[in-house]
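Please read the structure below before turning to the comments.
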2 protein chains.
Amino acid sequence: MSYHAPLDDMLFSLRLAAGEGAFEKGGLYEDLGGGVLESTLSEAAKLAAEQLLPLDKIGDSVGARYFDGHVTTAPGWREAYAQWIAGGWNSLAASPEYGGLGLPGLLGAACMEIWNGANMAFALCPLLGQGAIEAIEAHASDALKQAYLHKIVSGEWTATMNLTEPQAGSDLSMVRASAVRVEDGSYRLRGQKIFITYGEHDLSDNIVHLVLARLPAAPAGTRGISLFLVPKFLPGDNGRFIRPNDLRCAGIERKLGVHASPTCTMIYGDAGGATAWLVGEEHKGLACMFTMMNNARLAVGLQGVALAERAAQMAHAYALERRQGRGGASHGQAAARIVEHPDVKRMVLTMKALTQAARAICYETAVSMDRARRDGDRCRAREANERAGLLTPVAKAFSTDIGNEVASLGVQIFGGMGFIEETGAAQLMRDARILPIYEGTNGIQAVDLVGRKLRFDNGAALRRELADMWRIVEIGADFAAIDAVREAVNALDAASQFLLDADPSLALAGATPYLRLFALARGATLLLKGALAGDRQRAALARFFADNIAIAAPSLARTVIKGGPSLLEAGAMLDA
Amino acid sequence: MSYHAPLDDMLFSLRLAAGEGAFEKGGLYEDLGGGVLESTLSEAAKLAAEQLLPLDKIGDSVGARYFDGHVTTAPGWREAYAQWIAGGWNSLAASPEYGGLGLPGLLGAACMEIWNGANMAFALCPLLGQGAIEAIEAHASDALKQAYLHKIVSGEWTATMNLTEPQAGSDLSMVRASAVRVEDGSYRLRGQKIFITYGEHDLSDNIVHLVLARLPAAPAGTRGISLFLVPKFLPGDNGRFIRPNDLRCAGIERKLGVHASPTCTMIYGDAGGATAWLVGEEHKGLACMFTMMNNARLAVGLQGVALAERAAQMAHAYALERRQGRGGASHGQAAARIVEHPDVKRMVLTMKALTQAARAICYETAVSMDRARRDGDRCRAREANERAGLLTPVAKAFSTDIGNEVASLGVQIFGGMGFIEETGAAQLMRDARILPIYEGTNGIQAVDLVGRKLRFDNGAALRRELADMWRIVEIGADFAAIDAVREAVNALDAASQFLLDADPSLALAGATPYLRLFALARGATLLLKGALAGDRQRAALARFFADNIAIAAPSLARTVIKGGPSLLEAGAMLDA
């Protein structure tokens with residue numbers, strides 16, 4: 001099991017996404033200029049290699065343990081978490097007002113990739129905390145911010161997101177947890193939440209839960225859901241947070257992967273009601289959650305990139321070392337390294353090309369989010385915000401789909417050894433499997449893309465994205481695989497037009513292949529852009545992507561345009 | 001966790017593959033006529049449901065246990081194996097001379113699907129035994145047959161295949177295990193073998209190992225390998241097999257899946273040499289193994305079909321029950337069953353369509369094998385043999401690839417519950433992951449297809465296969481999705497011609513996408529054939545397959561034809 005943060009590739013891709021001059025004075029990322037970006041990522045890579053990576057395997061084999069309401073993390077976890085806080089890594093993005101460094105999301109995105117490449121089960125804890133920080137910053141009262149935010153930003157306390165209930169997964173309109181207001185302005189909250197990541201653990205003195213629940217007489221559906229802050233420990237008379245709240249962890253799940261990340265069932269208000277405080281307005285809880293939805297979805301996309309990167313590194317190293325069969329450059333009696341066999345080359349190149357394409361899409365998304373917040377030009381900021389909205393479902397779904405595909409190819413390259421847990425290739429595949437499911441299933445991402453994002457501003461955001469792709473095709477006219485890139489963009493253009501005009505059920509029927517098509521066209525153009533700016537190796541991989549992966553685009557467009565009626569016809573029989 | 005053998009679908013597909021009149025007097029399968037086929041499969045389905053399925057989950061969670069050379073199977077395993085023998089299921093295919101029933105491979109194939117659908121870890125034991133029976137029947141001396149075959153056929157003793165060593169996986173030329181002849185005509189064998197399925201266990205009184213090893217002064221490479229029979233217990237003075245041979249199990253692997261199937265490291269000859277007997281001629285061991293290679297590869301393909309079928313059944317049932325979101329036929333406040341959402345319909349239909357296509361290809365392969373052995377017309381028998389050779393790599397690789405894809409889609413439909421081991425969806429995905437690896441990786445299947453099978457008889461077998469596809473396209477001219485089917489066959493035609501003429505390294509570069517293309521064209525035409533003979537439901541699923549899955553064919557053909565140069569260019573840099 002090994003992983004080196006691929007700093008060269010990352011920096012190349014970060015700079016390409018940020019654009020010319022971004023790290024210079026007056027640029028979008030002037031605070032990352034002068035070597036700050038490079039030195040921060042080097043430090044992150046060091047922490048990942050020295051503290052997080054060595055714990056990944058023991059986390060998988062020992063896992064988090066539950067006994068009588070308490071969760072014990074795997075050996076070494078507590079020490080690593082202490083290092084994590086001490087290094088200040090938890091506070092990169094948060095506002096300086098609460099002890100954060102206020103650094104841009106692009107840096108956070110790059111770090112997120114590094115943490116997850118080394119140890120996804122560990123990285124999940126701060127990933128979700130990040131979402132909570134954003135929600136509290138944006139929506140909580142000053143009193144709540146003063147009481148909780150400093151410690152969550154520093155990482156001294158962790159924070160969780162409590163959305164899911166057994167009957168309410170993708171559909172939060174069915175949330176049943178309830179809260180009532182009491183005299184002092186706080187609330188008493190009751191209900192059961194499931195699948196709560198790091199809902200209970202032994203890493204920190206307090207855990208701050210953000211919980212969705214319904215107030216009495218709230219409207220039905222998602223417009224009747226409110227967001228609450230519910231700490232594990234309440235302040236006592238001396239102001240110290242030592243008074244247990246009325247909540248408990250009732251168990252943790254036995255899962256396919258990320259064994260070291262405790263997935264908790266949380267019970268609130270068994271003894272009358274957990275003390276809770278409203279975050280944002282009554283009945284506006286879902287809007288508060290949406291504040292951070294894009295960021296969390298991008299973060300999950302980056303988890304996909306991270307696991308794909310690691311799987312590709314491991315498989316490539318193994319293919320350079322393992323000898324089987326003849327052919328390639330081998331002569332005489334010696335067996336060839338398996339990387340010399342064309343079908344193994346295809347697998348390794350597919351792993352690398354998909355990873356780089358997904359990374360490029362994720363970083364473009366991160367830059368758009370930063371520009372939306374930071375650009376002084378209101379029009380540019382608005383357009384960047386729409387672009388972030390358009391790209392987010394693609395970044396989340398494509399990166400996590402390819403995270404799974406690449407991890408599975410990694411197992412394949414290891415052959416029989418890949419099926420043995422010892423190698424670690426299988427763990428990556430098990431860990432990756434949650435990514436297309438959580439933070440909105442990939443099916444929901446596709447529906448979001450086709451049903452909402454495509455129609456933003458009458459399709460203007462989409463048209464701007466297509467125009468950017470066409471621009472790259474134009475300047476890349478001499479590229480070896482320009483035909484395949486052009487056809488991919490063309491296919492996306494045609495499928496987009498079809499969906500904008502289509503009957504809703506036909507549009508939804510084509511959502512998943514359309515998202516893949518979008519990612520292939522966007523990935524091919526971004527890799528081409530990189531090829532024009534990079535060396536021969538980048539150009540060769542971009543060409544491989546175009547001629548062997550993006551080449552699926554025309555067929556995907558035809559699935560979108562022609563596949564719907566047969567899906568609806570055959571699908572009607574599934575109900576029988 | 002549930003599974004019902006899909007007898008209607010299976011029988012439909014079996015009859016279609018067998019052809020008109022096959023089960024009547026004088027037909028290829030007259031011995032399965034008069035209801036024998038139907039009643040045997042019903043009985044098999046009963047055993048699977050009552051004995052094997054209930055053990056599948058405990059097999060996964062408890063697994064096989066190793067201690068001090070001994071392997072204990074999971075609770076209930078011994079009793080189930082006794083039932084298996086008592087029912088006579090082990091002896092379906094073997095020759096009546098040794099207690100077998102001599103029934104055709106098509107019936108065995110259908111039963112294989114049923115056993116694996118219920119409990120793949122259990123079914124692996126007889127699956128490998130079947131290969132050993134064939135090898136011994138075809139190549140061993142009469143004395144060996146008399147001494148061992150009756151008990152292996154009945155199942156009283158199990159048999160294993162010992163090929164792999166740490167340095168010799170896909171490449172058996174590197175086998176180092178060695179054997180020397182001693183005075184009495186037997187041999188003394190020494191060496192280490194890994195990944196030996198059911199190499200040691202507590203199900204039977206004796207275990208008969210077939211082992212590849214080298215004789216002194218054997219030629220290098222695969223032409224110097226011989227096959228040996230090495231029983232765990234040797235006959236003592238009283239003729240009873242109670243004298244321990246010089247071999248032992250040194251441990252079992254901790255694997256991603258099929259936990260209940262012990263994967264053993266076997267040590268032969270630690271105390272001087274295991275007593276062994278030659279099977280077949282000296283140095284001709286690999287040829288003996290090839291006798292049964294096609295059968296074993298088809299059996300693995302059927303494992304893929306079986307797991308896909310079960311995953312599809314489970315996901316469909318869950319999608320009919322789980323309620324989330326609005327839309328489809330739901331009205332008012334009630335949430336819709338998720339099967340009503342178009343993207344879920346797409347997933348369920350994809351699972352079902354891929355499963356049926358893979359099953360159809362596997363059964364065609366089984367019929368070709370039977371015809372090669374049974375048809376009195378020598379020319380037809382020879383052509384059938386070539387067809388079996390052509391279809392086998394497709395049946396193995398496509399069915400196991402889609403086994404993984406379908407199992408993963410199953411996890412996706414279960415959502416968060418799919419990632420929890422309790423549901424059983426994740427187990428199918430874990431179990432399925434070995435299938436593209438063992439019995440020749442799917443990369444090796446693709447190389448076999450492109451490098452050897454395509455060129456059989458100057459491409460005549462391929463041309464006959466294409467002609468059969470075109471014939472179906474012709475009679476299906478009125479089919480709703482005939483355009484997509486025609487294009488798929490067209491694409492296969494073009495890619496095949498390209499490969500027959502191509503430079504070898506370019507041909508190998510396109511092997512994997514070509515195999516997929518072959519399967520999509522063959523699958524689309526077989527489903528179309530079924531649609532013409534079947535009801536509206538079959539026609540709808542065939543249409544879905546053509547317009548949403550086989551539609552990838554033109555892009556795959558372009559990958560084969562155009563993708564090679566970029567693969568070789570970028571691939572050269574992987575060596576750096």
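By order of appearance in the structure tokens: chains A, B, ..., then residues from 1 within every chain, and ligands from 1 in the order shown.
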
Given a cut-off of 7 Å, which residues of chain B touch chain A, counting only C-alpha atoms, written out as a VMD selection string?
-> chain B and resid 170 to 171 253 to 256 324 to 325 342 to 343 345 to 346 349 412 415 to 416 419 to 421 426 434 437 443 508 to 509 512 540 to 541 543 to 544 547 to 548 551 to 552 555 559 562 to 563 566 to 567 569 to 571

Please dump the current selection as a CSV table (one decimal), in the first residue's frame; keep N, CA and C atoms.
chain,number,residue,atom,x,y,z
B,170,SER,N,-0.7,-16.2,-14.8
B,170,SER,CA,-1.2,-16.3,-16.1
B,170,SER,C,-0.2,-17.0,-17.0
B,171,ASP,N,1.1,-17.0,-16.6
B,171,ASP,CA,2.1,-17.6,-17.4
B,171,ASP,C,2.6,-18.9,-16.8
B,253,GLU,N,-6.2,-17.9,2.2
B,253,GLU,CA,-6.1,-16.5,2.0
B,253,GLU,C,-7.3,-15.7,2.6
B,254,ARG,N,-7.0,-14.5,3.0
B,254,ARG,CA,-8.1,-13.6,3.4
B,254,ARG,C,-8.5,-12.8,2.2
B,255,LYS,N,-9.7,-13.1,1.7
B,255,LYS,CA,-10.1,-12.6,0.4
B,255,LYS,C,-11.2,-11.5,0.4
B,256,LEU,N,-11.3,-10.8,-0.7
B,256,LEU,CA,-12.4,-9.8,-0.9
B,256,LEU,C,-13.8,-10.5,-0.8
B,324,GLN,N,-39.3,6.6,-2.3
B,324,GLN,CA,-38.6,7.9,-2.1
B,324,GLN,C,-38.9,8.8,-3.3
B,325,GLY,N,-39.2,10.1,-3.0
B,325,GLY,CA,-39.4,11.0,-4.0
B,325,GLY,C,-40.8,11.0,-4.7
B,342,PRO,N,-37.2,7.3,-13.7
B,342,PRO,CA,-36.5,6.8,-15.0
B,342,PRO,C,-35.1,6.3,-14.8
B,343,ASP,N,-34.3,7.0,-13.9
B,343,ASP,CA,-32.9,6.6,-13.8
B,343,ASP,C,-32.8,5.2,-13.1
B,345,LYS,N,-35.3,2.9,-13.3
B,345,LYS,CA,-35.7,2.0,-14.4
B,345,LYS,C,-34.5,1.7,-15.3
B,346,ARG,N,-33.7,2.7,-15.6
B,346,ARG,CA,-32.5,2.4,-16.5
B,346,ARG,C,-31.6,1.4,-15.8
B,349,LEU,N,-33.3,-2.2,-15.8
B,349,LEU,CA,-33.4,-2.8,-17.1
B,349,LEU,C,-32.0,-3.1,-17.6
B,412,GLN,N,-26.0,0.1,-6.0
B,412,GLN,CA,-26.4,1.5,-6.2
B,412,GLN,C,-27.9,1.6,-6.0
B,415,GLY,N,-28.8,1.9,-2.6
B,415,GLY,CA,-28.4,3.2,-1.9
B,415,GLY,C,-27.6,2.9,-0.7
B,416,GLY,N,-27.7,3.7,0.3
B,416,GLY,CA,-26.9,3.6,1.5
B,416,GLY,C,-27.0,2.2,2.1
B,419,PHE,N,-24.5,-0.4,0.9
B,419,PHE,CA,-23.1,-0.3,1.4
B,419,PHE,C,-23.0,-1.1,2.7
B,420,ILE,N,-24.1,-1.3,3.3
B,420,ILE,CA,-24.2,-2.1,4.6
B,420,ILE,C,-24.2,-3.6,4.3
B,421,GLU,N,-23.3,-4.3,4.9
B,421,GLU,CA,-23.2,-5.7,4.6
B,421,GLU,C,-24.5,-6.5,4.8
B,426,ALA,N,-23.8,-6.1,-1.3
B,426,ALA,CA,-22.4,-5.9,-1.3
B,426,ALA,C,-21.6,-7.2,-1.4
B,434,ILE,N,-13.8,-11.9,-8.3
B,434,ILE,CA,-12.8,-12.8,-8.7
B,434,ILE,C,-13.0,-13.3,-10.2
B,437,ILE,N,-10.9,-12.5,-13.1
B,437,ILE,CA,-9.5,-12.8,-12.9
B,437,ILE,C,-9.2,-14.3,-13.1
B,443,GLY,N,-8.5,-10.1,-19.8
B,443,GLY,CA,-7.5,-9.6,-20.8
B,443,GLY,C,-7.0,-10.8,-21.6
B,508,LEU,N,-3.6,-6.6,-30.7
B,508,LEU,CA,-3.7,-6.8,-29.3
B,508,LEU,C,-4.2,-5.6,-28.5
B,509,ALA,N,-3.8,-4.4,-29.0
B,509,ALA,CA,-4.2,-3.2,-28.3
B,509,ALA,C,-5.7,-3.0,-28.3
B,512,THR,N,-9.5,-5.9,-25.9
B,512,THR,CA,-10.6,-5.8,-24.9
B,512,THR,C,-11.8,-5.1,-25.5
B,540,ALA,N,-39.6,-6.0,-25.6
B,540,ALA,CA,-39.3,-4.7,-25.1
B,540,ALA,C,-37.9,-4.7,-24.5
B,541,LEU,N,-37.5,-5.7,-23.8
B,541,LEU,CA,-36.1,-5.8,-23.2
B,541,LEU,C,-35.1,-5.8,-24.3
B,543,ARG,N,-35.4,-4.5,-27.2
B,543,ARG,CA,-35.3,-3.2,-27.8
B,543,ARG,C,-34.5,-2.3,-26.9
B,544,PHE,N,-34.7,-2.4,-25.6
B,544,PHE,CA,-33.9,-1.6,-24.6
B,544,PHE,C,-32.4,-1.9,-24.8
B,547,ASP,N,-31.1,-0.3,-28.1
B,547,ASP,CA,-31.1,1.2,-28.2
B,547,ASP,C,-30.3,1.8,-27.0
B,548,ASN,N,-30.0,1.1,-26.0
B,548,ASN,CA,-29.3,1.7,-24.8
B,548,ASN,C,-28.0,1.0,-24.5
B,551,ILE,N,-25.9,0.0,-28.5
B,551,ILE,CA,-25.6,1.3,-29.2
B,551,ILE,C,-24.2,1.7,-29.0
B,552,ALA,N,-23.5,1.2,-28.1
B,552,ALA,CA,-22.1,1.5,-27.9
B,552,ALA,C,-21.2,0.9,-29.0
B,555,SER,N,-18.9,3.0,-31.4
B,555,SER,CA,-17.8,3.6,-30.7
B,555,SER,C,-16.7,2.6,-30.4
B,559,THR,N,-12.8,2.5,-31.5
B,559,THR,CA,-11.7,2.4,-30.5
B,559,THR,C,-10.8,1.3,-31.0
B,562,LYS,N,-9.2,2.8,-34.4
B,562,LYS,CA,-8.4,4.1,-34.3
B,562,LYS,C,-7.7,4.2,-33.1
B,563,GLY,N,-8.0,3.5,-32.0
B,563,GLY,CA,-7.4,3.7,-30.7
B,563,GLY,C,-6.0,3.2,-30.5
B,566,SER,N,-2.6,5.6,-30.4
B,566,SER,CA,-2.4,6.5,-29.2
B,566,SER,C,-2.1,5.6,-28.0
B,567,LEU,N,-2.7,4.4,-28.0
B,567,LEU,CA,-2.3,3.5,-26.9
B,567,LEU,C,-0.9,3.1,-26.9
B,569,GLU,N,1.6,4.8,-28.3
B,569,GLU,CA,2.4,6.0,-28.0
B,569,GLU,C,2.4,6.3,-26.5
B,570,ALA,N,1.2,6.4,-25.9
B,570,ALA,CA,1.2,6.8,-24.5
B,570,ALA,C,1.7,5.6,-23.7
B,571,GLY,N,1.5,4.4,-24.1
B,571,GLY,CA,1.9,3.2,-23.4
B,571,GLY,C,3.4,3.1,-23.3

Contact residues around region 18-25 of chain B with only C-alpha atoms at 10 Å, ignoring same-chain residues under 6 positions, as JSON, numbers by chain | {"B": [31, 32, 33, 34, 35, 36, 37, 106, 363, 364, 366, 367, 368, 370, 371]}

Using N, CA and C atoms, can you write the selected residues to a file as a compact mmCIF listing (two decimals), in the first residue's frame?
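part.txt, written as the output of this step:
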# COMPACT_ATOMS: atom_id res chain seq x y z
N ASP B 31 -32.16 -37.06 -25.07
CA ASP B 31 -32.13 -37.58 -23.70
C ASP B 31 -32.65 -36.58 -22.67
N LEU B 32 -32.86 -35.34 -23.10
CA LEU B 32 -33.44 -34.35 -22.18
C LEU B 32 -34.91 -34.09 -22.51
N GLY B 33 -35.43 -34.80 -23.54
CA GLY B 33 -36.82 -34.58 -23.94
C GLY B 33 -37.79 -35.23 -22.95
N GLY B 34 -39.08 -35.12 -23.30
CA GLY B 34 -40.11 -35.76 -22.48
C GLY B 34 -40.13 -35.24 -21.05
N GLY B 35 -39.74 -33.99 -20.88
CA GLY B 35 -39.84 -33.38 -19.55
C GLY B 35 -38.64 -33.56 -18.66
N VAL B 36 -37.62 -34.31 -19.13
CA VAL B 36 -36.42 -34.53 -18.29
C VAL B 36 -35.74 -33.21 -17.96
N LEU B 37 -35.59 -32.35 -18.99
CA LEU B 37 -34.95 -31.06 -18.78
C LEU B 37 -35.68 -30.26 -17.70
N LEU B 106 -25.27 -28.91 -21.76
CA LEU B 106 -26.26 -27.83 -21.65
C LEU B 106 -27.02 -27.93 -20.33
N TYR B 363 -25.29 -20.09 -23.17
CA TYR B 363 -26.01 -21.30 -23.58
C TYR B 363 -25.68 -21.67 -25.03
N GLU B 364 -25.50 -20.66 -25.89
CA GLU B 364 -25.06 -20.97 -27.27
C GLU B 364 -23.72 -21.70 -27.24
N ALA B 366 -22.55 -23.54 -24.78
CA ALA B 366 -22.76 -24.91 -24.27
C ALA B 366 -23.31 -25.82 -25.36
N VAL B 367 -24.26 -25.31 -26.13
CA VAL B 367 -24.83 -26.12 -27.22
C VAL B 367 -23.75 -26.47 -28.24
N SER B 368 -22.90 -25.50 -28.55
CA SER B 368 -21.82 -25.78 -29.51
C SER B 368 -20.89 -26.87 -29.00
N ASP B 370 -21.71 -29.28 -26.91
CA ASP B 370 -22.43 -30.55 -27.00
C ASP B 370 -22.46 -31.06 -28.43
N ARG B 371 -22.73 -30.14 -29.36
CA ARG B 371 -22.80 -30.56 -30.77
C ARG B 371 -21.44 -31.10 -31.24

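If only C-alpha atoms are the atoms counted, then among B:Asp375, B:Glu487, B:Asp68, B:Glu309 the closest residue to Arg248 (chain B) is B:Asp68.
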
A:Leu101, A:Leu515, A:Leu7, A:Met120 ranked by distance to Leu52 (chain A), top pick (using only C-alpha atoms) |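 Looking only at the distances to Leu52 (chain A), the closest residue turns out to be A:Met120.
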
Would you please give, as a ChimeraX atom specification, all residues of region 229-463 of chain B that DSSP assigns to alpha helix (DSSP H) based on the backbone?
-> /B:285-321,342-374,378-414,416-419,425-432,442-451,460-463

Output of the above residues as a CSV table (one decimal), in the first residue's frame, restricted to C-alpha atoms:
chain,number,residue,atom,x,y,z
B,285,GLY,CA,0.4,-31.5,-19.0
B,286,LEU,CA,-0.7,-28.2,-20.5
B,287,ALA,CA,-2.5,-30.0,-23.3
B,288,CYS,CA,-4.3,-32.1,-20.7
B,289,MET,CA,-5.4,-28.9,-19.0
B,290,PHE,CA,-6.6,-27.4,-22.2
B,291,THR,CA,-9.0,-30.3,-22.6
B,292,MET,CA,-11.1,-28.9,-19.9
B,293,MET,CA,-10.2,-25.2,-20.3
B,294,ASN,CA,-13.2,-24.3,-22.5
B,295,ASN,CA,-15.6,-26.1,-20.1
B,296,ALA,CA,-14.2,-24.4,-17.0
B,297,ARG,CA,-14.2,-21.0,-18.7
B,298,LEU,CA,-17.8,-21.4,-19.7
B,299,ALA,CA,-18.6,-22.5,-16.1
B,300,VAL,CA,-17.0,-19.2,-14.9
B,301,GLY,CA,-19.0,-17.3,-17.4
B,302,LEU,CA,-22.1,-18.9,-15.9
B,303,GLN,CA,-21.0,-17.8,-12.5
B,304,GLY,CA,-21.2,-14.3,-13.8
B,305,VAL,CA,-24.6,-14.8,-15.2
B,306,ALA,CA,-25.8,-16.4,-11.9
B,307,LEU,CA,-24.6,-13.5,-9.7
B,308,ALA,CA,-26.0,-11.0,-12.2
B,309,GLU,CA,-29.3,-12.7,-12.1
B,310,ARG,CA,-29.4,-12.7,-8.4
B,311,ALA,CA,-28.4,-9.1,-8.1
B,312,ALA,CA,-31.1,-8.1,-10.6
B,313,GLN,CA,-33.7,-10.0,-8.7
B,314,MET,CA,-32.8,-8.4,-5.4
B,315,ALA,CA,-32.6,-4.9,-6.8
B,316,HIS,CA,-35.8,-5.2,-8.7
B,317,ALA,CA,-37.6,-6.4,-5.6
B,318,TYR,CA,-36.2,-3.5,-3.5
B,319,ALA,CA,-37.0,-0.9,-6.2
B,320,LEU,CA,-40.7,-2.1,-6.1
B,321,GLU,CA,-40.8,-1.7,-2.3
B,342,PRO,CA,-36.5,6.8,-15.0
B,343,ASP,CA,-32.9,6.6,-13.8
B,344,VAL,CA,-33.8,3.6,-11.5
B,345,LYS,CA,-35.7,2.0,-14.4
B,346,ARG,CA,-32.5,2.4,-16.5
B,347,MET,CA,-30.5,0.6,-13.9
B,348,VAL,CA,-32.9,-2.3,-13.4
B,349,LEU,CA,-33.4,-2.8,-17.1
B,350,THR,CA,-29.7,-2.6,-17.7
B,351,MET,CA,-29.2,-5.3,-15.1
B,352,LYS,CA,-31.8,-7.6,-16.6
B,353,ALA,CA,-30.8,-7.0,-20.3
B,354,LEU,CA,-27.1,-7.6,-19.6
B,355,THR,CA,-28.0,-10.8,-17.7
B,356,GLN,CA,-30.2,-12.2,-20.4
B,357,ALA,CA,-27.6,-11.4,-23.2
B,358,ALA,CA,-24.8,-13.0,-21.2
B,359,ARG,CA,-27.0,-16.1,-20.5
B,360,ALA,CA,-27.9,-16.4,-24.2
B,361,ILE,CA,-24.2,-16.3,-25.2
B,362,CYS,CA,-23.3,-18.9,-22.6
B,363,TYR,CA,-26.0,-21.3,-23.6
B,364,GLU,CA,-25.1,-21.0,-27.3
B,365,THR,CA,-21.5,-21.9,-26.2
B,366,ALA,CA,-22.8,-24.9,-24.3
B,367,VAL,CA,-24.8,-26.1,-27.2
B,368,SER,CA,-21.8,-25.8,-29.5
B,369,MET,CA,-19.7,-27.9,-27.1
B,370,ASP,CA,-22.4,-30.6,-27.0
B,371,ARG,CA,-22.8,-30.6,-30.8
B,372,ALA,CA,-19.0,-30.9,-31.2
B,373,ARG,CA,-19.2,-34.1,-29.1
B,374,ARG,CA,-22.6,-35.5,-30.1
B,378,ARG,CA,-18.4,-34.8,-38.7
B,379,CYS,CA,-18.4,-31.6,-40.6
B,380,ARG,CA,-21.1,-30.1,-38.3
B,381,ALA,CA,-19.3,-31.4,-35.3
B,382,ARG,CA,-16.0,-29.8,-36.4
B,383,GLU,CA,-17.7,-26.5,-37.1
B,384,ALA,CA,-19.5,-26.6,-33.7
B,385,ASN,CA,-16.1,-27.2,-32.1
B,386,GLU,CA,-14.7,-24.2,-33.7
B,387,ARG,CA,-17.7,-22.2,-32.8
B,388,ALA,CA,-17.3,-23.2,-29.1
B,389,GLY,CA,-13.7,-22.1,-29.3
B,390,LEU,CA,-14.7,-18.8,-30.7
B,391,LEU,CA,-17.6,-18.1,-28.2
B,392,THR,CA,-15.8,-19.4,-25.1
B,393,PRO,CA,-13.6,-16.3,-24.4
B,394,VAL,CA,-16.6,-14.1,-25.1
B,395,ALA,CA,-18.9,-16.1,-22.8
B,396,LYS,CA,-16.2,-16.1,-20.0
B,397,ALA,CA,-15.1,-12.4,-20.2
B,398,PHE,CA,-18.4,-10.7,-21.1
B,399,SER,CA,-20.4,-12.6,-18.6
B,400,THR,CA,-18.0,-12.0,-15.8
B,401,ASP,CA,-17.5,-8.3,-16.7
B,402,ILE,CA,-21.3,-7.8,-16.6
B,403,GLY,CA,-21.5,-9.9,-13.5
B,404,ASN,CA,-19.4,-7.2,-11.8
B,405,GLU,CA,-21.3,-4.3,-13.5
B,406,VAL,CA,-24.7,-5.7,-12.6
B,407,ALA,CA,-23.7,-6.4,-9.0
B,408,SER,CA,-22.4,-2.9,-8.6
B,409,LEU,CA,-25.6,-1.5,-10.1
B,410,GLY,CA,-27.4,-3.6,-7.5
B,411,VAL,CA,-25.5,-1.9,-4.7
B,412,GLN,CA,-26.4,1.5,-6.2
B,413,ILE,CA,-30.1,0.7,-6.3
B,414,PHE,CA,-30.0,-0.2,-2.6
B,416,GLY,CA,-26.9,3.6,1.5
B,417,MET,CA,-28.4,0.2,2.5
B,418,GLY,CA,-26.3,-1.4,-0.4
B,419,PHE,CA,-23.1,-0.3,1.4
B,425,ALA,CA,-26.0,-6.6,-2.3
B,426,ALA,CA,-22.4,-5.9,-1.3
B,427,GLN,CA,-21.5,-9.6,-0.9
B,428,LEU,CA,-22.5,-10.2,-4.5
B,429,MET,CA,-20.2,-7.5,-5.6
B,430,ARG,CA,-17.4,-8.8,-3.5
B,431,ASP,CA,-17.9,-12.4,-4.7
B,432,ALA,CA,-18.2,-11.4,-8.3
B,442,ASN,CA,-10.5,-11.3,-19.1
B,443,GLY,CA,-7.5,-9.6,-20.8
B,444,ILE,CA,-6.2,-13.1,-21.7
B,445,GLN,CA,-9.6,-14.1,-23.0
B,446,ALA,CA,-9.6,-11.0,-25.3
B,447,VAL,CA,-6.1,-11.9,-26.5
B,448,ASP,CA,-7.2,-15.5,-27.1
B,449,LEU,CA,-10.2,-14.2,-29.1
B,450,VAL,CA,-8.2,-11.8,-31.2
B,451,GLY,CA,-4.9,-13.7,-31.4
B,460,ALA,CA,-14.2,-19.1,-41.3
B,461,ALA,CA,-15.7,-19.6,-37.8
B,462,LEU,CA,-16.0,-15.9,-37.4
B,463,ARG,CA,-17.6,-15.5,-40.8

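Those residues that approach Glu38 (chain B) to within 12 Å, counting only C-alpha atoms, are Leu7, Asp8, Met10, Leu11, Phe12, Leu14, Arg15, Phe23, Leu32, Gly33, Gly34, Gly35, Leu41, Ser42, Glu43, Ala44, Ala45, Leu107, Ala110 and Cys111 of chain B; same-chain residues fewer than 3 positions away are not listed.
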
Using only C-alpha atoms, determine which residues lie at most 9 Å from Val180 (chain A), disregarding the query and same-chain residues fewer than 6 positions distant; provide the list as a list of chain:residue names.
->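 That gives A:Ser186, A:Tyr187, A:Arg188, A:Leu189, A:Arg214, A:Leu215, A:Pro216, A:Gly273.
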
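The space separating CA of Gly199 (chain A) from CA of Glu113 (chain A) comes to 22.9 Å.
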
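CA of Gln130 (chain B) is positioned 11.1 Å from CA of Gly105 (chain B).
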
Closest to Ala533 (chain A) among A:Val230, A:Ile338, A:Met161, A:Ala17, using only C-alpha atoms?
->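 Closest to Ala533 (chain A), using only C-alpha atoms: A:Ala17.
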
Shell around Gly100 (chain B) at 7 Å using only C-alpha atoms, local window under 6 positions removed, as an NGL selection string | :B and (91-94 or 153)
